[in-house]
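J.: Dropping the structure in here first, questions after.
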Amino acid sequence: MNKDILGTALLDYQHGNYSEDIITYSSLDEEDVLPIPYMFRNFKEMPKIEQKALQLCKGKVLDVGCGAGSHGLYLQEKGLTVTGLDASKGAIEVSKLRGLNNTVHSELLTFDGEKFDTILILMNGVGLAGTLAGLEAFFSKLKSLLEQGGQILLDSSDIIYMFEDDEDGGYWIPDHVEYYGEVSFSMEYKNEKSTSFPWLYVDYNTLQRAANYSNLTCELVMEGEHYDYLARLTHMK
């Protein structure tokens, strides 16, 4: 059973027991830190891409991978009806404790709910697809939850910059890698470590092609400061 590392850390912070952050390990041979206070940020502390996405939200909103509920709480305060969805039981508990009215503890692909005007998937939301091949099922599920005229707002990053330049001015990518944005992660918190899980970073052109294949239009809303971007997907007419 995969431990709820994120949920445990969020609950500790919520209850005033913050003492350390989550360590993440990736197949890119990188060790990084996920600062827990960052999950509790307010609108002013959010990156411009997240601020822009929140400003574009309309109607009934589904916040996929809601974490500690920061995005949903902002939208709720603006008068929108928001449902926070997360596979982490602890994250959902924290979102409720912080005042998010509607929450669902579920994986995205097994969630069977109403339809929404906006589906919000931030903090590299497309990563939940896991792999490039997983984008088809991911988009199919999102479409099934989307009202006619609705929108999907998601962000990702083109991580090609993390690979070494080769002599021809291109990038050296290991032979065993299907797509350079397919990464596996594990998380550690207070000496408890999760099993490894797949995560996807996708460049915009690849995202657009995959969206079009799934009969979704895809537009680039804005680019961030470090190879990241915000995209808006809608039903093809």
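Chain labels run A, B, ... following the order of the structure tokens; each chain numbers its residues from 1, and ligands are numbered from 1 in the order shown.
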Using DSSP assignments from the backbone, pull out every residue in range 45-229 of chain A that falls under helix (DSSP H, G or I) and give it to me as a PyMOL selection string.
T.: chain A and resi 45+48-56+70-77+89-97+125-129+135-144+159-162+204-213
J.: Within 10 Å of Ile119 in chain A, counting only C-alpha atoms, which residues qualify if same-chain residues fewer than 3 places away don't, as an mmCIF file with all heavy atoms, in the first residue's frame?
T.:
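selection-v6.cif was written with the following content:
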data_model
loop_
_atom_site.group_PDB
_atom_site.id
_atom_site.type_symbol
_atom_site.label_atom_id
_atom_site.label_comp_id
_atom_site.auth_asym_id
_atom_site.auth_seq_id
_atom_site.Cartn_x
_atom_site.Cartn_y
_atom_site.Cartn_z
ATOM 1 N N CYS A 57 -11.044 31.120 -14.394
ATOM 2 C CA CYS A 57 -12.057 30.153 -13.961
ATOM 3 C C CYS A 57 -13.454 30.752 -14.026
ATOM 4 O O CYS A 57 -13.647 31.937 -13.759
ATOM 5 C CB CYS A 57 -11.763 29.684 -12.530
ATOM 6 S SG CYS A 57 -10.355 28.560 -12.419
ATOM 7 N N LYS A 58 -14.424 29.899 -14.384
ATOM 8 C CA LYS A 58 -15.812 30.359 -14.466
ATOM 9 C C LYS A 58 -16.739 29.201 -14.110
ATOM 10 O O LYS A 58 -16.374 28.026 -14.222
ATOM 11 C CB LYS A 58 -16.116 30.851 -15.881
ATOM 12 C CG LYS A 58 -15.954 29.762 -16.936
ATOM 13 C CD LYS A 58 -16.259 30.246 -18.335
ATOM 14 C CE LYS A 58 -16.141 29.102 -19.344
ATOM 15 N NZ LYS A 58 -16.407 29.517 -20.727
ATOM 16 N N LYS A 60 -19.057 26.325 -12.457
ATOM 17 C CA LYS A 60 -18.726 25.270 -11.501
ATOM 18 C C LYS A 60 -17.329 24.763 -11.808
ATOM 19 O O LYS A 60 -17.018 24.432 -12.948
ATOM 20 C CB LYS A 60 -19.729 24.110 -11.607
ATOM 21 C CG LYS A 60 -21.026 24.349 -10.876
ATOM 22 C CD LYS A 60 -21.819 23.055 -10.717
ATOM 23 C CE LYS A 60 -22.047 22.371 -12.061
ATOM 24 N NZ LYS A 60 -22.922 21.180 -11.912
ATOM 25 N N VAL A 61 -16.486 24.698 -10.772
ATOM 26 C CA VAL A 61 -15.070 24.369 -10.974
ATOM 27 C C VAL A 61 -14.715 23.054 -10.276
ATOM 28 O O VAL A 61 -15.086 22.838 -9.122
ATOM 29 C CB VAL A 61 -14.164 25.495 -10.417
ATOM 30 C CG1 VAL A 61 -12.694 25.158 -10.620
ATOM 31 C CG2 VAL A 61 -14.506 26.838 -11.059
ATOM 32 N N LEU A 62 -13.987 22.201 -10.996
ATOM 33 C CA LEU A 62 -13.393 21.006 -10.393
ATOM 34 C C LEU A 62 -11.895 21.245 -10.285
ATOM 35 O O LEU A 62 -11.212 21.441 -11.290
ATOM 36 C CB LEU A 62 -13.663 19.765 -11.259
ATOM 37 C CG LEU A 62 -13.025 18.459 -10.753
ATOM 38 C CD1 LEU A 62 -13.645 18.026 -9.420
ATOM 39 C CD2 LEU A 62 -13.157 17.346 -11.800
ATOM 40 N N ASP A 63 -11.378 21.258 -9.061
ATOM 41 C CA ASP A 63 -9.944 21.451 -8.819
ATOM 42 C C ASP A 63 -9.315 20.071 -8.617
ATOM 43 O O ASP A 63 -9.452 19.454 -7.565
ATOM 44 C CB ASP A 63 -9.751 22.336 -7.580
ATOM 45 C CG ASP A 63 -8.286 22.633 -7.291
ATOM 46 O OD1 ASP A 63 -7.424 22.308 -8.145
ATOM 47 O OD2 ASP A 63 -7.999 23.187 -6.210
ATOM 48 N N VAL A 64 -8.662 19.580 -9.674
ATOM 49 C CA VAL A 64 -8.085 18.223 -9.661
ATOM 50 C C VAL A 64 -6.705 18.260 -9.013
ATOM 51 O O VAL A 64 -5.854 19.062 -9.388
ATOM 52 C CB VAL A 64 -7.981 17.667 -11.102
ATOM 53 C CG1 VAL A 64 -7.323 16.294 -11.087
ATOM 54 C CG2 VAL A 64 -9.356 17.598 -11.747
ATOM 55 N N VAL A 82 -16.900 25.337 -6.039
ATOM 56 C CA VAL A 82 -15.685 24.562 -6.298
ATOM 57 C C VAL A 82 -15.773 23.192 -5.640
ATOM 58 O O VAL A 82 -16.217 23.063 -4.498
ATOM 59 C CB VAL A 82 -14.438 25.293 -5.734
ATOM 60 C CG1 VAL A 82 -13.157 24.558 -6.123
ATOM 61 C CG2 VAL A 82 -14.385 26.730 -6.197
ATOM 62 N N THR A 83 -15.328 22.169 -6.375
ATOM 63 C CA THR A 83 -15.154 20.829 -5.805
ATOM 64 C C THR A 83 -13.673 20.487 -5.856
ATOM 65 O O THR A 83 -13.050 20.542 -6.924
ATOM 66 C CB THR A 83 -15.953 19.774 -6.599
ATOM 67 O OG1 THR A 83 -17.344 20.085 -6.523
ATOM 68 C CG2 THR A 83 -15.723 18.383 -6.021
ATOM 69 N N LYS A 115 -20.955 17.325 -14.191
ATOM 70 C CA LYS A 115 -20.130 18.013 -15.184
ATOM 71 C C LYS A 115 -19.792 19.426 -14.692
ATOM 72 O O LYS A 115 -20.531 20.014 -13.911
ATOM 73 C CB LYS A 115 -20.860 18.070 -16.530
ATOM 74 C CG LYS A 115 -20.985 16.709 -17.207
ATOM 75 C CD LYS A 115 -21.634 16.838 -18.559
ATOM 76 C CE LYS A 115 -21.821 15.474 -19.216
ATOM 77 N NZ LYS A 115 -20.577 14.923 -19.723
ATOM 78 N N PHE A 116 -18.656 19.921 -15.161
ATOM 79 C CA PHE A 116 -18.136 21.200 -14.671
ATOM 80 C C PHE A 116 -17.875 22.157 -15.831
ATOM 81 O O PHE A 116 -17.598 21.739 -16.956
ATOM 82 C CB PHE A 116 -16.841 20.965 -13.885
ATOM 83 C CG PHE A 116 -17.032 20.138 -12.651
ATOM 84 C CD1 PHE A 116 -16.979 18.745 -12.713
ATOM 85 C CD2 PHE A 116 -17.285 20.734 -11.427
ATOM 86 C CE1 PHE A 116 -17.177 17.973 -11.573
ATOM 87 C CE2 PHE A 116 -17.475 19.974 -10.283
ATOM 88 C CZ PHE A 116 -17.426 18.589 -10.360
ATOM 89 N N LEU A 122 -3.579 22.315 -11.730
ATOM 90 C CA LEU A 122 -2.349 23.109 -11.626
ATOM 91 C C LEU A 122 -1.207 22.345 -10.937
ATOM 92 O O LEU A 122 -1.373 21.217 -10.518
ATOM 93 C CB LEU A 122 -2.649 24.418 -10.890
ATOM 94 C CG LEU A 122 -3.619 25.364 -11.616
ATOM 95 C CD1 LEU A 122 -3.839 26.636 -10.809
ATOM 96 C CD2 LEU A 122 -3.117 25.703 -13.022
ATOM 97 N N LEU A 142 -11.350 13.742 -18.730
ATOM 98 C CA LEU A 142 -11.629 15.167 -18.541
ATOM 99 C C LEU A 142 -12.802 15.615 -19.409
ATOM 100 O O LEU A 142 -13.681 16.355 -18.954
ATOM 101 C CB LEU A 142 -10.384 16.001 -18.864
ATOM 102 C CG LEU A 142 -9.189 15.834 -17.911
ATOM 103 C CD1 LEU A 142 -8.011 16.672 -18.390
ATOM 104 C CD2 LEU A 142 -9.556 16.205 -16.479
ATOM 105 N N LYS A 143 -12.840 15.145 -20.644
ATOM 106 C CA LYS A 143 -13.946 15.506 -21.552
ATOM 107 C C LYS A 143 -15.286 15.029 -20.994
ATOM 108 O O LYS A 143 -16.295 15.708 -21.122
ATOM 109 C CB LYS A 143 -13.706 14.891 -22.924
ATOM 110 C CG LYS A 143 -12.733 15.660 -23.790
ATOM 111 C CD LYS A 143 -12.324 14.864 -25.009
ATOM 112 C CE LYS A 143 -13.492 14.598 -25.936
ATOM 113 N NZ LYS A 143 -13.074 13.793 -27.124
ATOM 114 N N LEU A 145 -16.194 14.917 -18.040
ATOM 115 C CA LEU A 145 -16.581 15.731 -16.882
ATOM 116 C C LEU A 145 -16.829 17.198 -17.257
ATOM 117 O O LEU A 145 -17.111 18.018 -16.397
ATOM 118 C CB LEU A 145 -15.482 15.674 -15.809
ATOM 119 C CG LEU A 145 -15.196 14.301 -15.193
ATOM 120 C CD1 LEU A 145 -13.925 14.347 -14.359
ATOM 121 C CD2 LEU A 145 -16.376 13.840 -14.340
ATOM 122 N N LEU A 146 -16.711 17.497 -18.546
ATOM 123 C CA LEU A 146 -16.763 18.886 -18.997
ATOM 124 C C LEU A 146 -18.114 19.221 -19.629
ATOM 125 O O LEU A 146 -18.605 18.506 -20.496
ATOM 126 C CB LEU A 146 -15.642 19.113 -20.022
ATOM 127 C CG LEU A 146 -15.190 20.542 -20.301
ATOM 128 C CD1 LEU A 146 -14.643 21.198 -19.044
ATOM 129 C CD2 LEU A 146 -14.131 20.550 -21.407
ATOM 130 N N GLU A 147 -18.698 20.322 -19.167
ATOM 131 C CA GLU A 147 -19.918 20.836 -19.786
ATOM 132 C C GLU A 147 -19.612 21.328 -21.207
ATOM 133 O O GLU A 147 -18.479 21.719 -21.506
ATOM 134 C CB GLU A 147 -20.472 22.022 -18.978
ATOM 135 C CG GLU A 147 -21.069 21.656 -17.628
ATOM 136 C CD GLU A 147 -22.503 21.162 -17.732
ATOM 137 O OE1 GLU A 147 -22.936 20.796 -18.856
ATOM 138 O OE2 GLU A 147 -23.178 21.138 -16.690
ATOM 139 N N GLY A 150 -17.377 24.290 -21.835
ATOM 140 C CA GLY A 150 -16.476 24.324 -20.677
ATOM 141 C C GLY A 150 -15.010 24.376 -21.085
ATOM 142 O O GLY A 150 -14.666 24.295 -22.265
ATOM 143 N N GLN A 151 -14.146 24.501 -20.097
ATOM 144 C CA GLN A 151 -12.710 24.639 -20.355
ATOM 145 C C GLN A 151 -11.892 23.824 -19.365
ATOM 146 O O GLN A 151 -12.297 23.610 -18.221
ATOM 147 C CB GLN A 151 -12.296 26.116 -20.266
ATOM 148 C CG GLN A 151 -12.558 26.724 -18.889
ATOM 149 C CD GLN A 151 -12.105 28.161 -18.743
ATOM 150 O OE1 GLN A 151 -11.422 28.704 -19.605
ATOM 151 N NE2 GLN A 151 -12.470 28.800 -17.631
ATOM 152 N N ILE A 152 -10.733 23.379 -19.836
ATOM 153 C CA ILE A 152 -9.747 22.718 -18.975
ATOM 154 C C ILE A 152 -8.537 23.643 -18.922
ATOM 155 O O ILE A 152 -7.995 24.032 -19.965
ATOM 156 C CB ILE A 152 -9.329 21.355 -19.563
ATOM 157 C CG1 ILE A 152 -10.537 20.427 -19.724
ATOM 158 C CG2 ILE A 152 -8.264 20.697 -18.677
ATOM 159 C CD1 ILE A 152 -10.299 19.272 -20.684
ATOM 160 N N LEU A 153 -8.120 24.020 -17.731
ATOM 161 C CA LEU A 153 -6.933 24.863 -17.552
ATOM 162 C C LEU A 153 -5.860 24.026 -16.882
ATOM 163 O O LEU A 153 -6.056 23.526 -15.773
ATOM 164 C CB LEU A 153 -7.273 26.083 -16.696
ATOM 165 C CG LEU A 153 -8.319 27.047 -17.279
ATOM 166 C CD1 LEU A 153 -8.777 28.038 -16.214
ATOM 167 C CD2 LEU A 153 -7.751 27.787 -18.485
ATOM 168 N N LEU A 154 -4.738 23.841 -17.565
ATOM 169 C CA LEU A 154 -3.666 23.033 -16.974
ATOM 170 C C LEU A 154 -2.306 23.615 -17.316
ATOM 171 O O LEU A 154 -2.149 24.344 -18.289
ATOM 172 C CB LEU A 154 -3.781 21.571 -17.411
ATOM 173 C CG LEU A 154 -3.798 21.197 -18.892
ATOM 174 C CD1 LEU A 154 -2.404 21.208 -19.489
ATOM 175 C CD2 LEU A 154 -4.406 19.803 -19.059
ATOM 176 N N ARG A 232 -5.102 26.161 -22.283
ATOM 177 C CA ARG A 232 -6.560 26.092 -22.139
ATOM 178 C C ARG A 232 -7.099 25.152 -23.207
ATOM 179 O O ARG A 232 -6.862 25.365 -24.399
ATOM 180 C CB ARG A 232 -7.166 27.487 -22.289
ATOM 181 C CG ARG A 232 -8.687 27.552 -22.154
ATOM 182 C CD ARG A 232 -9.142 28.998 -22.214
ATOM 183 N NE ARG A 232 -10.574 29.129 -22.096
ATOM 184 C CZ ARG A 232 -11.415 29.199 -23.148
ATOM 185 N NH1 ARG A 232 -10.916 29.161 -24.380
ATOM 186 N NH2 ARG A 232 -12.711 29.311 -22.959
ATOM 187 N N LEU A 233 -7.826 24.135 -22.776
ATOM 188 C CA LEU A 233 -8.373 23.137 -23.690
ATOM 189 C C LEU A 233 -9.903 23.236 -23.691
ATOM 190 O O LEU A 233 -10.513 23.414 -22.634
ATOM 191 C CB LEU A 233 -7.957 21.723 -23.274
ATOM 192 C CG LEU A 233 -6.550 21.246 -23.622
ATOM 193 C CD1 LEU A 233 -5.469 22.130 -23.025
ATOM 194 C CD2 LEU A 233 -6.341 19.806 -23.165
#
J.: CA of Ala87 in chain A and CA of Thr8 in chain A, how far apart in Å?
T.: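 About the pair CA of Thr8 in chain A and CA of Ala87 in chain A: they are 12.8 Å apart.
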J.: Might you pull out every residue within 12 Å of Ser88 in chain A, with only C-alpha atoms counted and same-chain residues fewer than 6 positions away left off, and present them as a list in words?
T.: Asn2, Lys3, Asp4, Ile5, Leu6, Gly7, Thr8, Ala9, Leu10, Leu11, Val64, Gly65, Cys66, Gly67, Ala68, Gly69, Val94, Ser95, Thr103, Val104, His105, Ser106, Glu107 and Leu108 of chain A
J.: Find the residues near range 216-220 of chain A: any atom within 9 Å, counting only C-alpha atoms, skip ones fewer than 2 places away on the same chain, and give them as a PyMOL selection string.
T.: chain A and resi 139+143+204+207-214+222-223+229-237
J.: Using only C-alpha atoms for the distances, tell me which of A:Phe185, A:Phe111, A:Tyr180, A:Phe138 is nearest to Thr24 in chain A.
T.: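 Between A:Phe185, A:Phe111, A:Tyr180, A:Phe138, the residue approaching Thr24 in chain A most closely is A:Phe185.
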J.: Output as a ChimeraX atom specification all residues of range 13-149 of chain A that backbone DSSP marks as strand (DSSP E).
T.: /A:22-26,30-34,61-64,82-86,102-105,116-121,146-149
J.: Next, the residues of the selection above should be written as a compact mmCIF listing (two decimals), in the first residue's frame with N, CA, C and O atoms.
T.:
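This is the output file result.txt:
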# COMPACT_ATOMS: atom_id res chain seq x y z
N ILE A 22 8.97 17.68 2.58
CA ILE A 22 9.00 16.43 1.82
C ILE A 22 10.23 16.44 0.91
O ILE A 22 10.52 17.44 0.26
N ILE A 23 10.95 15.33 0.88
CA ILE A 23 12.06 15.15 -0.06
C ILE A 23 11.52 14.36 -1.24
O ILE A 23 10.85 13.33 -1.05
N THR A 24 11.79 14.82 -2.45
CA THR A 24 11.38 14.07 -3.64
C THR A 24 12.62 13.53 -4.35
O THR A 24 13.66 14.18 -4.40
N TYR A 25 12.48 12.32 -4.88
CA TYR A 25 13.55 11.68 -5.65
C TYR A 25 12.99 11.36 -7.03
O TYR A 25 11.88 10.85 -7.15
N SER A 26 13.75 11.68 -8.09
CA SER A 26 13.25 11.43 -9.43
C SER A 26 14.23 10.60 -10.25
O SER A 26 15.41 10.49 -9.91
N GLU A 30 17.72 13.37 -9.54
CA GLU A 30 17.64 14.62 -8.79
C GLU A 30 16.94 14.40 -7.46
O GLU A 30 15.95 13.68 -7.38
N GLU A 31 17.48 15.04 -6.45
CA GLU A 31 16.81 15.07 -5.14
C GLU A 31 16.37 16.51 -4.93
O GLU A 31 17.13 17.45 -5.18
N ASP A 32 15.13 16.68 -4.52
CA ASP A 32 14.60 18.03 -4.38
C ASP A 32 13.76 18.10 -3.11
O ASP A 32 13.47 17.10 -2.47
N VAL A 33 13.35 19.32 -2.79
CA VAL A 33 12.54 19.54 -1.58
C VAL A 33 11.21 20.15 -1.98
O VAL A 33 11.16 21.09 -2.79
N LEU A 34 10.12 19.61 -1.42
CA LEU A 34 8.80 20.22 -1.58
C LEU A 34 8.46 20.89 -0.26
O LEU A 34 8.11 20.22 0.72
N VAL A 61 -16.49 24.70 -10.77
CA VAL A 61 -15.07 24.37 -10.97
C VAL A 61 -14.72 23.05 -10.28
O VAL A 61 -15.09 22.84 -9.12
N LEU A 62 -13.99 22.20 -11.00
CA LEU A 62 -13.39 21.01 -10.39
C LEU A 62 -11.89 21.25 -10.29
O LEU A 62 -11.21 21.44 -11.29
N ASP A 63 -11.38 21.26 -9.06
CA ASP A 63 -9.94 21.45 -8.82
C ASP A 63 -9.32 20.07 -8.62
O ASP A 63 -9.45 19.45 -7.57
N VAL A 64 -8.66 19.58 -9.67
CA VAL A 64 -8.08 18.22 -9.66
C VAL A 64 -6.70 18.26 -9.01
O VAL A 64 -5.85 19.06 -9.39
N VAL A 82 -16.90 25.34 -6.04
CA VAL A 82 -15.69 24.56 -6.30
C VAL A 82 -15.77 23.19 -5.64
O VAL A 82 -16.22 23.06 -4.50
N THR A 83 -15.33 22.17 -6.37
CA THR A 83 -15.15 20.83 -5.81
C THR A 83 -13.67 20.49 -5.86
O THR A 83 -13.05 20.54 -6.92
N GLY A 84 -13.09 20.18 -4.70
CA GLY A 84 -11.70 19.77 -4.63
C GLY A 84 -11.59 18.26 -4.70
O GLY A 84 -12.24 17.55 -3.93
N LEU A 85 -10.79 17.77 -5.63
CA LEU A 85 -10.60 16.33 -5.84
C LEU A 85 -9.15 15.96 -5.59
O LEU A 85 -8.25 16.61 -6.13
N ASP A 86 -8.90 14.95 -4.78
CA ASP A 86 -7.53 14.52 -4.56
C ASP A 86 -7.50 13.05 -4.15
O ASP A 86 -8.40 12.58 -3.45
N ASN A 102 -16.82 21.68 -0.78
CA ASN A 102 -17.08 20.44 -1.51
C ASN A 102 -15.77 19.72 -1.81
O ASN A 102 -14.90 20.28 -2.50
N THR A 103 -15.62 18.51 -1.32
CA THR A 103 -14.39 17.75 -1.56
C THR A 103 -14.72 16.31 -1.89
O THR A 103 -15.74 15.77 -1.45
N VAL A 104 -13.85 15.69 -2.68
CA VAL A 104 -14.01 14.28 -3.04
C VAL A 104 -12.65 13.59 -2.93
O VAL A 104 -11.66 14.06 -3.53
N HIS A 105 -12.60 12.49 -2.18
CA HIS A 105 -11.38 11.70 -2.09
C HIS A 105 -11.44 10.62 -3.16
O HIS A 105 -12.15 9.62 -3.02
N PHE A 116 -18.66 19.92 -15.16
CA PHE A 116 -18.14 21.20 -14.67
C PHE A 116 -17.87 22.16 -15.83
O PHE A 116 -17.60 21.74 -16.96
N ASP A 117 -17.94 23.45 -15.52
CA ASP A 117 -17.64 24.48 -16.51
C ASP A 117 -16.14 24.71 -16.65
O ASP A 117 -15.66 25.07 -17.73
N THR A 118 -15.42 24.52 -15.55
CA THR A 118 -13.96 24.66 -15.56
C THR A 118 -13.34 23.48 -14.81
O THR A 118 -13.75 23.18 -13.69
N ILE A 119 -12.38 22.83 -15.45
CA ILE A 119 -11.57 21.82 -14.75
C ILE A 119 -10.17 22.40 -14.62
O ILE A 119 -9.52 22.74 -15.61
N LEU A 120 -9.74 22.56 -13.38
CA LEU A 120 -8.47 23.21 -13.06
C LEU A 120 -7.48 22.15 -12.61
O LEU A 120 -7.77 21.36 -11.71
N ILE A 121 -6.31 22.11 -13.27
CA ILE A 121 -5.31 21.09 -12.91
C ILE A 121 -3.95 21.78 -12.89
O ILE A 121 -3.24 21.83 -13.90
N LEU A 146 -16.71 17.50 -18.55
CA LEU A 146 -16.76 18.89 -19.00
C LEU A 146 -18.11 19.22 -19.63
O LEU A 146 -18.61 18.51 -20.50
N GLU A 147 -18.70 20.32 -19.17
CA GLU A 147 -19.92 20.84 -19.79
C GLU A 147 -19.61 21.33 -21.21
O GLU A 147 -18.48 21.72 -21.51
N GLN A 148 -20.63 21.33 -22.07
CA GLN A 148 -20.46 21.96 -23.39
C GLN A 148 -20.09 23.43 -23.16
O GLN A 148 -20.72 24.10 -22.36
N GLY A 149 -19.08 23.87 -23.87
CA GLY A 149 -18.63 25.25 -23.68
C GLY A 149 -17.69 25.41 -22.50
O GLY A 149 -17.26 26.52 -22.18
J.: When you count only C-alpha atoms, which of these residues is closest to Ser19 in chain A: A:Thr195, A:Lys190, A:Glu182, A:Lys44?
T.: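 Closest candidate: A:Lys190.
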J.: Ranking A:Gln14, A:Gly79, A:Leu97, A:Asp21 by minimum distance to Asn191 in chain A and counting only C-alpha atoms, which one comes first?
T.: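 Counting only C-alpha atoms, the residue closest to Asn191 in chain A is A:Asp21.
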